[in-house]
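Working notes for the structure below.
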Amino acid sequence: MAETAVTSEVKQDTTTPAEHELFVNMGPQHPSTHGVLRLLLRVDGERVLSLKPDIGYLHRCFEKIAERRSVQMVIPYCDRTDYLAAITSEWAYVMAAEKLMGVEVPERAEYIRVIVGEMQRIASHLLWFGTFALDLGAVTAFLYAFRERESLFDIFQKLTGARMLYNYLRVGGVRNDLYEGFEEDILRFLDLLEERLIEYNKLLTGNRIFESRTKGVGVITKEQAIAYGASGPVLRGCGVPQDLRKTDPYSVYDRFEFNIPVGEHGDVYSRYVVRMHEFYESIRIIRQAIKTIPGGPWLGDVPRRMKLVGDVYTRVESPRGEVGVYLVGDGSDQPYRCHYRSPCFVHLQLLEPMGVGHLIADMVAIIGSIDIVMGEVDR
Amino acid sequence: MSEHEATTWPEHLQPVADALRERFPQLSIELKPDNWLEVKVDADQSPEFFRYIKEYPGLAFDYLLDVTAVDYINEGKLQVVYHLARLGTDAKKRGKLVVKIDLPRDNPRVRSVVDIWPTANFHEREVYDMFGVVFEGHPDLRRILMREDWVGHPLRKDYVDQRPKRTRVTR
Amino acid sequence: MGLITHEAVPGVVTTSLRRLLNWSRKSSLWYMLFGIACCAIEMMATGASRYDFDRFGMIFRASPRQSDLMIVPGTVNEKMADRVKVLYDQMAEPRWVIAMGGCAINGGPYHGEYNIVDGVDKVIPVDVYVPGCPPRPEALMHGVLLLQDKIMREGIEIPAPAKG
């Protein structure tokens with residue numbers, strides 16, 4: 001592999017390509033761009049010389065809509081920003097609203113949030129595992145991952161009524177309590193998942209083809225990752241143990257025991273390993289939370305007329321990285337401004353340092369490894 | 001900022017505030033929920049300020065989380081908001097900083113921070129796209145989310161959508 | 001709707017060429033792997049383990065030139081609208097379009113906002129609308145079955161089934 005060229009400043013590529021060079025459009029309709037990402041590649045043969053991400057093909061005016069809805073009505077739109085991890089997007093938003101209104105969240109609600117949040121992380125990672133493997137040509141892994149994802153969705157459906165976009169968190173708690181028998185359902189699923197994870201690892205982790213497609217590809221250094229504002233598995237894959245659940249604990253995460261898996265080399269493989277370990281950490285957290293969940297109400301005392309005053313920034317560790325919500329209130333029940341900080345939006349800037357010098361086929365692996373969701377990038 | 005408020009600050013934030021005051025004595029520093037320090041800076045002071053908080057060893061805010069803006073139309077200003085943090089598991093070294101810069105609504109210009117934190121590139125392009133804030137010295141200030149031929153800046157409070165109506169297409 | 005309506009002589013099937021064409025078209029609807037938003041994930045789930053689109057002879061193709069069916073799964077905005085049109089134009093006739101989810105039908109929760117095209121039928125003609133946000137895989141399958149009915153009737157006058 002050629003060394004990865006690093007440019008701190010990104011310039012518009014207006015140079016006419018030399019005779020043997022080509023401009024190639026990858027996307028917005030491309031099977032491996034996970035939605036509507038468009039990459040402008042300048043290539044020499046198969047080798048990528050420079051690349052520019054072009055986004056906005058799924059810009060759905062979330063921030064403008066939030067200014068015209070009441071506090072609770074924004075929650076379904078939060079689902080649709082990061083649609084693979086609806087709970088964590090909701091979480092960042094409701095935490096911001098709770099801080100602005102000074103609403104106390106009952107202890108049981110916090111535990112339920114942790115449980116569904118970690119279930120969501122598993123669901124999101126399962127989809128990532130499936131599509132990432134599919135992009136690299138492993139169709140079996142895709143079918144396996146979706147099988148487990150459907151069993152998890154059965155539990156989600158029983159709990160919230162929806163498969164993907166739950167609208168479950170509320171300002172002051174959650175919409176409804178855990179149903180009777182939830183405990184058995186989720187514990188049975190976790191046992192199953194642990195068994196199946198062994199299968200997953202057998203499929204990919206030691207696989208020689210997989211390793212040669214991922215090791216040493218898309219390398220970034222620790223310094224680059226921090227300078228470009230990376231978070232989540234991309235940052236942890238470089239060896240930085242930054243996880244908001246530990247470093248800036250929110251909710252009740254400080255009561256659980258879990259590790260932060262970190263990678264070593266900052267390549268695609270390290271990010272893969274980090275996410276595979278996160279499955280186990282999420283399983284650990286859910287088991288502890290199920291064991292220690294207190295009784296009581298699941299929705300706190302919320303004033304009938306909600307008033308947002310002041311401004312606040314909350315951050316939550318989503319499966320993809322750090323989600324932040326900057327909420328400004330002007331005394332009415334509608335947010336004056338609601339900004340959603342998306343981790344994938346930031347990670348897209350890393351594609352250039354990761355991808356330059358590699359083959360086009362490696363771009364597919366790199367895009368898969370940062371696990372982008374275009375709904376979240378464009379909002 | 002009164003003495004009384006300063007004494008109630010968490011211990012690990014005191015050195016940050018001191019370091020900021022040492023260089024910028026006029027600065028107003030506030031403590032917000034979740035131990036965020038909030039600082040208001042003038043637009044012409046901002047390049048020096050950002051350079052300082054990145055490079056001064058006692059501050060070293062190496063992690064830019066977010067750049068966004070708020071349109072305060074009644075006060076006639078656009079406020080650009082930066083959220084910064086320091087990485088690390090060591091609670092003593094942690095610190096979170098909000099920097100707010102007020103700009104006039106009719107000609108908002110501020111110095112870009114891309115040369116200090118490369119991650120600001122996309123964020124600033126988004127703020128330019130949505131609010132029309134011009135970041136001077138930005139290497140590639142184009143629209144990012146909207147089409148390049150779009151007119152207006154949608155997240156401004158007085159934005160009106162003026163697209164022609166589309167009609168249904170049949171076979 | 002099957003190909004064979006009745007078997008007059010055992011072992012011999014008589015049918016019109018039109019019906020044979022329609023039957024073969026509806027039985028191998030290859031759809032384009034084209035995801036826009038949340039609905040795309042449900043579309044993937046429909047193609048994956050539990051729901052299994054292959055049963056309907058539906059296989060995804062990555063290229064518009066090889067596909068018969070375009071499922072539009074998600075919000076179409078001003079920037080994307082031109083691309084959707086280009087993709088549709090690249091498909092060979094006969095071609096069909098399913099608008100999947102509220103956004104593709106009329107903008108759904110985003111109806112009337114700046115930058116949103118209120119429904120993909122403002123850009124390309126749509127055959128079947130599948131409501132939901134996102135529609136469940138079962139709903140998408142129902143949409144496909146409706147489309148198959150529609151294809152089977154193409155070019156043939158079939159009296160509407162008697163009510164009751």
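Chain identifiers are assigned as A, B, and so on, following the order in which chains appear in the structure tokens; residues are numbered from 1 within each chain, and ligands are numbered from 1 in order of appearance.
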
Show me, as a tab-separated table, the residues of chain B having an atom within 9 Å of chain C, each with the closest atom pair and its distance in Å, using only C-alpha atoms.
```
residue	atom	partner	partner_atom	distance
B:Leu145	CA	C:Lys79	CA	8.7
B:Met146	CA	C:Lys79	CA	6.9
B:Arg147	CA	C:Lys79	CA	5.6
B:Pro154	CA	C:Tyr114	CA	7.5
B:Val160	CA	C:Tyr114	CA	8.5
B:Asp161	CA	C:Tyr114	CA	5.8
B:Gln162	CA	C:Tyr114	CA	8.6
B:Arg163	CA	C:Tyr114	CA	8.3
B:Arg166	CA	C:Lys122	CA	6.0
B:Thr167	CA	C:Lys122	CA	5.5
B:Arg168	CA	C:Lys122	CA	4.4
B:Val169	CA	C:Pro125	CA	5.3
B:Thr170	CA	C:Pro125	CA	4.7
B:Arg171	CA	C:Pro125	CA	5.4
```

Mind the document's chain letters and residue numbers, and return as number ranges by chain the residues of stretch 24-142 of chain A that DSSP labels alpha helix (DSSP H). A: 62-66, 75-79, 86-101, 107-135, 139-142

Using only C-alpha atoms, select each residue of chain A with any atom at most 9 Å away from an atom of chain B, and give the selection as a count of residues only. 45

Mind listing as a VMD selection string which residues of chain A are within 7 Å of chain C, counting only C-alpha atoms? chain A and resid 29 31 35 to 36 57 to 61 83 143 146 to 147 375

Residues near stretch 258-267 of chain A, cut-off 6 Å, only C-alpha atoms, skip fewer than 4 positions along chain, as a ChimeraX atom specification: /A:216-220,236-239,274,281

Restricting the output to all heavy atoms, write the selected residues as a JSON list (two decimals), in the first residue's frame.
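Output contents, as saved in out_17.json:
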```json
[["chain", "number", "residue", "atom", "x", "y", "z"],
["A", 216, "GLY", "N", -4.17, -2.71, 7.50],
["A", 216, "GLY", "CA", -3.31, -1.73, 6.85],
["A", 216, "GLY", "C", -4.04, -0.85, 5.85],
["A", 216, "GLY", "O", -3.42, -0.07, 5.14],
["A", 217, "VAL", "N", -5.35, -0.94, 5.81],
["A", 217, "VAL", "CA", -6.13, -0.12, 4.89],
["A", 217, "VAL", "C", -6.78, 1.02, 5.67],
["A", 217, "VAL", "O", -7.28, 0.81, 6.77],
["A", 217, "VAL", "CB", -7.22, -0.97, 4.20],
["A", 217, "VAL", "CG1", -8.13, -0.10, 3.37],
["A", 217, "VAL", "CG2", -6.59, -2.04, 3.35],
["A", 218, "GLY", "N", -6.74, 2.20, 5.10],
["A", 218, "GLY", "CA", -7.44, 3.32, 5.73],
["A", 218, "GLY", "C", -6.86, 3.71, 7.06],
["A", 218, "GLY", "O", -7.58, 3.95, 8.02],
["A", 219, "VAL", "N", -5.53, 3.81, 7.12],
["A", 219, "VAL", "CA", -4.88, 4.09, 8.40],
["A", 219, "VAL", "C", -4.92, 5.59, 8.70],
["A", 219, "VAL", "O", -4.66, 6.42, 7.84],
["A", 219, "VAL", "CB", -3.41, 3.63, 8.37],
["A", 219, "VAL", "CG1", -2.75, 3.86, 9.71],
["A", 219, "VAL", "CG2", -3.33, 2.18, 7.97],
["A", 220, "ILE", "N", -5.30, 5.92, 9.94],
["A", 220, "ILE", "CA", -5.10, 7.29, 10.40],
["A", 220, "ILE", "C", -4.40, 7.23, 11.75],
["A", 220, "ILE", "O", -4.56, 6.27, 12.50],
["A", 220, "ILE", "CB", -6.41, 8.09, 10.55],
["A", 220, "ILE", "CG1", -7.49, 7.24, 11.21],
["A", 220, "ILE", "CG2", -6.87, 8.65, 9.25],
["A", 220, "ILE", "CD1", -8.63, 8.05, 11.74],
["A", 236, "ARG", "N", -11.53, 5.36, 18.80],
["A", 236, "ARG", "CA", -11.02, 4.28, 19.66],
["A", 236, "ARG", "C", -10.17, 3.30, 18.86],
["A", 236, "ARG", "O", -9.26, 2.68, 19.40],
["A", 236, "ARG", "CB", -12.20, 3.55, 20.31],
["A", 236, "ARG", "CG", -12.94, 4.41, 21.29],
["A", 236, "ARG", "CD", -13.82, 3.60, 22.20],
["A", 236, "ARG", "NE", -15.04, 3.15, 21.57],
["A", 236, "ARG", "CZ", -16.16, 3.86, 21.53],
["A", 236, "ARG", "NH1", -16.18, 5.05, 22.08],
["A", 236, "ARG", "NH2", -17.23, 3.40, 20.95],
["A", 237, "GLY", "N", -10.46, 3.16, 17.59],
["A", 237, "GLY", "CA", -9.64, 2.30, 16.76],
["A", 237, "GLY", "C", -8.21, 2.78, 16.65],
["A", 237, "GLY", "O", -7.31, 2.02, 16.32],
["A", 238, "CYS", "N", -7.99, 4.08, 16.90],
["A", 238, "CYS", "CA", -6.63, 4.62, 16.87],
["A", 238, "CYS", "C", -5.94, 4.50, 18.22],
["A", 238, "CYS", "O", -4.83, 4.98, 18.39],
["A", 238, "CYS", "CB", -6.65, 6.09, 16.48],
["A", 238, "CYS", "SG", -7.42, 6.40, 14.93],
["A", 239, "GLY", "N", -6.64, 3.97, 19.20],
["A", 239, "GLY", "CA", -6.02, 3.80, 20.51],
["A", 239, "GLY", "C", -6.31, 4.88, 21.51],
["A", 239, "GLY", "O", -5.65, 4.98, 22.54],
["A", 274, "VAL", "N", -12.80, -3.21, 17.36],
["A", 274, "VAL", "CA", -13.42, -2.41, 18.42],
["A", 274, "VAL", "C", -14.92, -2.66, 18.46],
["A", 274, "VAL", "O", -15.50, -2.92, 19.52],
["A", 274, "VAL", "CB", -13.13, -0.91, 18.20],
["A", 274, "VAL", "CG1", -14.02, -0.05, 19.07],
["A", 274, "VAL", "CG2", -11.68, -0.60, 18.47],
["A", 281, "GLU", "N", -19.45, -5.72, 25.47],
["A", 281, "GLU", "CA", -19.60, -4.73, 26.53],
["A", 281, "GLU", "C", -21.07, -4.34, 26.69],
["A", 281, "GLU", "O", -21.56, -4.17, 27.81],
["A", 281, "GLU", "CB", -18.75, -3.49, 26.23],
["A", 281, "GLU", "CG", -17.26, -3.75, 26.10],
["A", 281, "GLU", "CD", -16.67, -4.45, 27.31],
["A", 281, "GLU", "OE1", -17.13, -4.18, 28.44],
["A", 281, "GLU", "OE2", -15.76, -5.29, 27.13]]
```

Which neighbours of B:Phe135 fall inside 6 Å, counting only C-alpha atoms, when residues of the same chain fewer than 6 positions from it are skipped, and could you give them as an MDAnalysis selection string? chainID B and resid 109:112

Give me a file of those residues, with N, CA and C atoms, as an mmCIF file, in the first residue's frame.
```cif
data_model
loop_
_atom_site.group_PDB
_atom_site.id
_atom_site.type_symbol
_atom_site.label_atom_id
_atom_site.label_comp_id
_atom_site.auth_asym_id
_atom_site.auth_seq_id
_atom_site.Cartn_x
_atom_site.Cartn_y
_atom_site.Cartn_z
ATOM 1 N N ARG B 109 -19.071 38.207 9.305
ATOM 2 C CA ARG B 109 -17.759 37.690 8.883
ATOM 3 C C ARG B 109 -16.958 37.358 10.128
ATOM 4 N N VAL B 110 -16.287 36.237 10.073
ATOM 5 C CA VAL B 110 -15.423 35.869 11.193
ATOM 6 C C VAL B 110 -14.271 35.053 10.621
ATOM 7 N N ARG B 111 -13.182 35.034 11.358
ATOM 8 C CA ARG B 111 -11.993 34.317 10.903
ATOM 9 C C ARG B 111 -12.221 32.802 11.023
ATOM 10 N N SER B 112 -11.854 32.071 9.997
ATOM 11 C CA SER B 112 -12.010 30.624 10.022
ATOM 12 C C SER B 112 -11.010 29.982 10.990
#
```

List every residue of stretch 200-374 of chain A that DSSP, applied to the backbone, labels as strand (DSSP E), and write the result as a ChimeraX atom specification. /A:309-318,321-330,335-341

Could you dump the residues just selected with N, CA, C and O atoms as a short mmCIF file (atom, residue, chain, number, x, y, z; two decimals), in the first residue's frame?
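out06.cif written:
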```
data_model
loop_
_atom_site.label_atom_id
_atom_site.label_comp_id
_atom_site.auth_asym_id
_atom_site.auth_seq_id
_atom_site.Cartn_x
_atom_site.Cartn_y
_atom_site.Cartn_z
N VAL A 309 -35.91 27.63 28.37
CA VAL A 309 -35.21 28.89 28.58
C VAL A 309 -33.72 28.62 28.63
O VAL A 309 -33.28 27.68 29.29
N GLY A 310 -32.96 29.44 27.92
CA GLY A 310 -31.51 29.32 27.95
C GLY A 310 -30.99 28.42 26.84
O GLY A 310 -31.69 28.14 25.88
N ASP A 311 -29.75 28.01 26.99
CA ASP A 311 -29.18 27.13 25.98
C ASP A 311 -28.34 26.06 26.65
O ASP A 311 -27.80 26.26 27.73
N VAL A 312 -28.26 24.91 26.02
CA VAL A 312 -27.52 23.81 26.62
C VAL A 312 -26.99 22.91 25.51
O VAL A 312 -27.54 22.86 24.41
N TYR A 313 -25.87 22.27 25.79
CA TYR A 313 -25.29 21.31 24.85
C TYR A 313 -25.14 19.98 25.56
O TYR A 313 -24.51 19.91 26.61
N THR A 314 -25.78 18.95 25.03
CA THR A 314 -25.64 17.63 25.65
C THR A 314 -25.01 16.69 24.65
O THR A 314 -25.17 16.84 23.45
N ARG A 315 -24.28 15.73 25.19
CA ARG A 315 -23.66 14.77 24.28
C ARG A 315 -23.87 13.35 24.78
O ARG A 315 -23.92 13.10 25.97
N VAL A 316 -23.99 12.47 23.83
CA VAL A 316 -24.33 11.08 24.09
C VAL A 316 -23.45 10.22 23.19
O VAL A 316 -23.14 10.61 22.08
N GLU A 317 -23.02 9.08 23.72
CA GLU A 317 -22.23 8.17 22.90
C GLU A 317 -23.17 7.28 22.10
O GLU A 317 -23.81 6.38 22.63
N SER A 318 -23.26 7.54 20.82
CA SER A 318 -24.11 6.71 19.96
C SER A 318 -23.23 5.59 19.40
O SER A 318 -22.02 5.62 19.56
N GLY A 321 -20.54 7.27 17.37
CA GLY A 321 -19.64 8.26 17.94
C GLY A 321 -20.42 9.23 18.80
O GLY A 321 -21.43 8.87 19.38
N GLU A 322 -19.91 10.44 18.83
CA GLU A 322 -20.47 11.39 19.77
C GLU A 322 -21.59 12.19 19.13
O GLU A 322 -21.37 12.94 18.18
N VAL A 323 -22.80 12.03 19.65
CA VAL A 323 -23.93 12.82 19.18
C VAL A 323 -24.13 13.98 20.15
O VAL A 323 -24.11 13.79 21.35
N GLY A 324 -24.26 15.16 19.62
CA GLY A 324 -24.48 16.31 20.48
C GLY A 324 -25.72 17.05 20.03
O GLY A 324 -26.05 17.09 18.85
N VAL A 325 -26.43 17.61 20.99
CA VAL A 325 -27.57 18.45 20.64
C VAL A 325 -27.40 19.79 21.32
O VAL A 325 -27.18 19.85 22.53
N TYR A 326 -27.42 20.84 20.52
CA TYR A 326 -27.35 22.19 21.06
C TYR A 326 -28.74 22.77 20.98
O TYR A 326 -29.27 22.98 19.89
N LEU A 327 -29.35 22.99 22.15
CA LEU A 327 -30.74 23.40 22.18
C LEU A 327 -30.83 24.80 22.78
O LEU A 327 -30.26 25.06 23.85
N VAL A 328 -31.52 25.69 22.10
CA VAL A 328 -31.71 27.05 22.60
C VAL A 328 -33.20 27.28 22.75
O VAL A 328 -33.98 26.94 21.86
N GLY A 329 -33.59 27.82 23.90
CA GLY A 329 -35.00 28.12 24.12
C GLY A 329 -35.20 29.61 24.34
O GLY A 329 -34.32 30.29 24.84
N ASP A 330 -36.38 30.11 23.94
CA ASP A 330 -36.65 31.54 24.14
C ASP A 330 -37.86 31.74 25.05
O ASP A 330 -38.49 32.78 25.04
N PRO A 335 -38.48 24.81 20.56
CA PRO A 335 -37.06 25.18 20.58
C PRO A 335 -36.81 26.38 19.67
O PRO A 335 -37.40 26.46 18.59
N TYR A 336 -35.98 27.31 20.14
CA TYR A 336 -35.65 28.44 19.26
C TYR A 336 -34.64 28.00 18.22
O TYR A 336 -34.67 28.45 17.08
N ARG A 337 -33.75 27.11 18.65
CA ARG A 337 -32.77 26.55 17.73
C ARG A 337 -32.41 25.18 18.25
O ARG A 337 -32.25 24.99 19.46
N CYS A 338 -32.32 24.23 17.36
CA CYS A 338 -31.93 22.88 17.75
C CYS A 338 -30.89 22.41 16.76
O CYS A 338 -31.19 22.23 15.59
N HIS A 339 -29.66 22.29 17.22
CA HIS A 339 -28.60 21.83 16.34
C HIS A 339 -28.20 20.42 16.72
O HIS A 339 -28.09 20.10 17.89
N TYR A 340 -28.03 19.60 15.72
CA TYR A 340 -27.69 18.20 15.94
C TYR A 340 -26.27 17.98 15.45
O TYR A 340 -25.99 18.16 14.28
N ARG A 341 -25.38 17.63 16.35
CA ARG A 341 -23.99 17.37 15.97
C ARG A 341 -23.87 15.90 15.64
O ARG A 341 -24.09 15.04 16.48
#
```

Find the spatial neighbours of C:Arg19, counting only C-alpha atoms, within a cut-off of 10 Å - ignore same-chain residues fewer than 2 positions away - and output them as a ChimeraX atom specification. /C:2-4,15-17,21-25,151-156

Residues from the last selection, all heavy atoms, saved as a short mmCIF file (atom, residue, chain, number, x, y, z; two decimals), in the first residue's frame:
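Dumped everything to again30.cif:
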```cif
data_model
loop_
_atom_site.label_atom_id
_atom_site.label_comp_id
_atom_site.auth_asym_id
_atom_site.auth_seq_id
_atom_site.Cartn_x
_atom_site.Cartn_y
_atom_site.Cartn_z
N GLY C 2 -52.58 -16.74 -11.90
CA GLY C 2 -51.68 -17.67 -12.55
C GLY C 2 -51.74 -17.57 -14.05
O GLY C 2 -52.55 -16.83 -14.61
N LEU C 3 -50.89 -18.30 -14.69
CA LEU C 3 -50.85 -18.28 -16.15
C LEU C 3 -51.97 -19.13 -16.73
O LEU C 3 -52.60 -18.80 -17.72
CB LEU C 3 -49.49 -18.80 -16.60
CG LEU C 3 -49.27 -18.92 -18.10
CD1 LEU C 3 -49.24 -17.54 -18.73
CD2 LEU C 3 -47.97 -19.65 -18.38
N ILE C 4 -52.19 -20.28 -16.07
CA ILE C 4 -53.13 -21.26 -16.63
C ILE C 4 -54.52 -20.98 -16.09
O ILE C 4 -54.73 -20.98 -14.88
CB ILE C 4 -52.71 -22.68 -16.25
CG1 ILE C 4 -51.25 -22.89 -16.64
CG2 ILE C 4 -53.61 -23.71 -16.89
CD1 ILE C 4 -50.61 -24.09 -16.00
N THR C 15 -52.61 -20.36 -23.87
CA THR C 15 -52.72 -19.04 -23.28
C THR C 15 -52.38 -18.04 -24.35
O THR C 15 -51.81 -18.39 -25.39
CB THR C 15 -51.77 -18.90 -22.06
OG1 THR C 15 -51.97 -17.63 -21.49
CG2 THR C 15 -50.33 -19.02 -22.47
N SER C 16 -52.71 -16.78 -24.10
CA SER C 16 -52.35 -15.77 -25.08
C SER C 16 -50.92 -15.36 -24.85
O SER C 16 -50.39 -15.46 -23.74
CB SER C 16 -53.28 -14.57 -24.98
OG SER C 16 -53.06 -13.94 -23.75
N LEU C 17 -50.27 -14.90 -25.90
CA LEU C 17 -48.86 -14.50 -25.78
C LEU C 17 -48.71 -13.36 -24.78
O LEU C 17 -47.75 -13.30 -24.04
CB LEU C 17 -48.36 -14.09 -27.18
CG LEU C 17 -46.87 -13.83 -27.28
CD1 LEU C 17 -46.10 -15.09 -26.90
CD2 LEU C 17 -46.50 -13.41 -28.69
N LEU C 21 -46.21 -13.20 -21.63
CA LEU C 21 -45.25 -12.12 -21.42
C LEU C 21 -45.42 -11.50 -20.03
O LEU C 21 -44.46 -11.35 -19.28
CB LEU C 21 -45.46 -11.03 -22.48
CG LEU C 21 -44.72 -11.18 -23.79
CD1 LEU C 21 -45.10 -10.01 -24.70
CD2 LEU C 21 -43.22 -11.17 -23.55
N ASN C 22 -46.66 -11.18 -19.72
CA ASN C 22 -46.92 -10.54 -18.43
C ASN C 22 -46.51 -11.45 -17.28
O ASN C 22 -45.94 -11.01 -16.28
CB ASN C 22 -48.41 -10.22 -18.30
CG ASN C 22 -48.78 -9.02 -19.14
OD1 ASN C 22 -47.91 -8.34 -19.67
ND2 ASN C 22 -50.06 -8.77 -19.28
N TRP C 23 -46.81 -12.74 -17.45
CA TRP C 23 -46.49 -13.69 -16.39
C TRP C 23 -44.99 -13.77 -16.17
O TRP C 23 -44.49 -13.79 -15.04
CB TRP C 23 -47.06 -15.05 -16.77
CG TRP C 23 -46.65 -16.16 -15.85
CD1 TRP C 23 -47.14 -16.39 -14.62
CD2 TRP C 23 -45.68 -17.17 -16.11
NE1 TRP C 23 -46.54 -17.49 -14.07
CE2 TRP C 23 -45.64 -17.99 -14.96
CE3 TRP C 23 -44.84 -17.47 -17.19
CZ2 TRP C 23 -44.79 -19.10 -14.88
CZ3 TRP C 23 -44.01 -18.56 -17.09
CH2 TRP C 23 -43.98 -19.36 -15.94
N SER C 24 -44.24 -13.78 -17.27
CA SER C 24 -42.78 -13.88 -17.09
C SER C 24 -42.22 -12.57 -16.53
O SER C 24 -41.27 -12.58 -15.76
CB SER C 24 -42.11 -14.23 -18.41
OG SER C 24 -42.57 -13.39 -19.43
N ARG C 25 -42.83 -11.46 -16.88
CA ARG C 25 -42.34 -10.18 -16.35
C ARG C 25 -42.59 -10.06 -14.86
O ARG C 25 -41.72 -9.66 -14.10
CB ARG C 25 -43.04 -9.03 -17.07
CG ARG C 25 -42.38 -8.70 -18.38
CD ARG C 25 -43.14 -7.64 -19.10
NE ARG C 25 -42.52 -7.37 -20.38
CZ ARG C 25 -43.10 -6.67 -21.34
NH1 ARG C 25 -44.30 -6.15 -21.15
NH2 ARG C 25 -42.47 -6.45 -22.47
N ILE C 151 -49.19 -5.72 -13.35
CA ILE C 151 -48.42 -6.16 -14.51
C ILE C 151 -49.21 -7.23 -15.27
O ILE C 151 -49.28 -7.24 -16.50
CB ILE C 151 -47.06 -6.74 -14.08
CG1 ILE C 151 -46.20 -5.63 -13.47
CG2 ILE C 151 -46.33 -7.36 -15.26
CD1 ILE C 151 -44.94 -6.14 -12.84
N MET C 152 -49.86 -8.13 -14.53
CA MET C 152 -50.61 -9.21 -15.16
C MET C 152 -51.75 -8.68 -16.02
O MET C 152 -52.16 -9.31 -16.98
CB MET C 152 -51.14 -10.12 -14.04
CG MET C 152 -51.33 -11.56 -14.42
SD MET C 152 -49.86 -12.30 -15.11
CE MET C 152 -50.58 -13.60 -16.07
N ARG C 153 -52.27 -7.51 -15.67
CA ARG C 153 -53.39 -6.94 -16.41
C ARG C 153 -52.95 -6.10 -17.59
O ARG C 153 -53.79 -5.60 -18.33
CB ARG C 153 -54.25 -6.09 -15.48
CG ARG C 153 -55.13 -6.89 -14.55
CD ARG C 153 -56.29 -6.06 -14.07
NE ARG C 153 -55.84 -4.86 -13.39
CZ ARG C 153 -55.55 -4.77 -12.09
NH1 ARG C 153 -55.69 -5.83 -11.34
NH2 ARG C 153 -55.15 -3.66 -11.56
N GLU C 154 -51.66 -5.88 -17.75
CA GLU C 154 -51.20 -4.94 -18.76
C GLU C 154 -51.55 -5.43 -20.16
O GLU C 154 -51.25 -6.56 -20.52
CB GLU C 154 -49.69 -4.72 -18.64
CG GLU C 154 -49.37 -3.38 -18.01
CD GLU C 154 -47.92 -3.24 -17.63
OE1 GLU C 154 -47.07 -3.76 -18.37
OE2 GLU C 154 -47.65 -2.62 -16.59
N GLY C 155 -52.19 -4.60 -20.95
CA GLY C 155 -52.53 -4.95 -22.31
C GLY C 155 -53.69 -5.92 -22.45
O GLY C 155 -54.00 -6.37 -23.54
N ILE C 156 -54.31 -6.26 -21.33
CA ILE C 156 -55.41 -7.23 -21.39
C ILE C 156 -56.62 -6.61 -20.72
O ILE C 156 -56.50 -6.00 -19.66
CB ILE C 156 -55.05 -8.54 -20.65
CG1 ILE C 156 -53.82 -9.16 -21.28
CG2 ILE C 156 -56.21 -9.51 -20.67
CD1 ILE C 156 -53.31 -10.35 -20.53
#
```

Near A:Asp301, counting only C-alpha atoms, which residues have an atom at most 10 Å away, once you skip same-chain residues fewer than 6 positions from it, shown as an MDAnalysis selection string? chainID A and resid 103:106 171:173
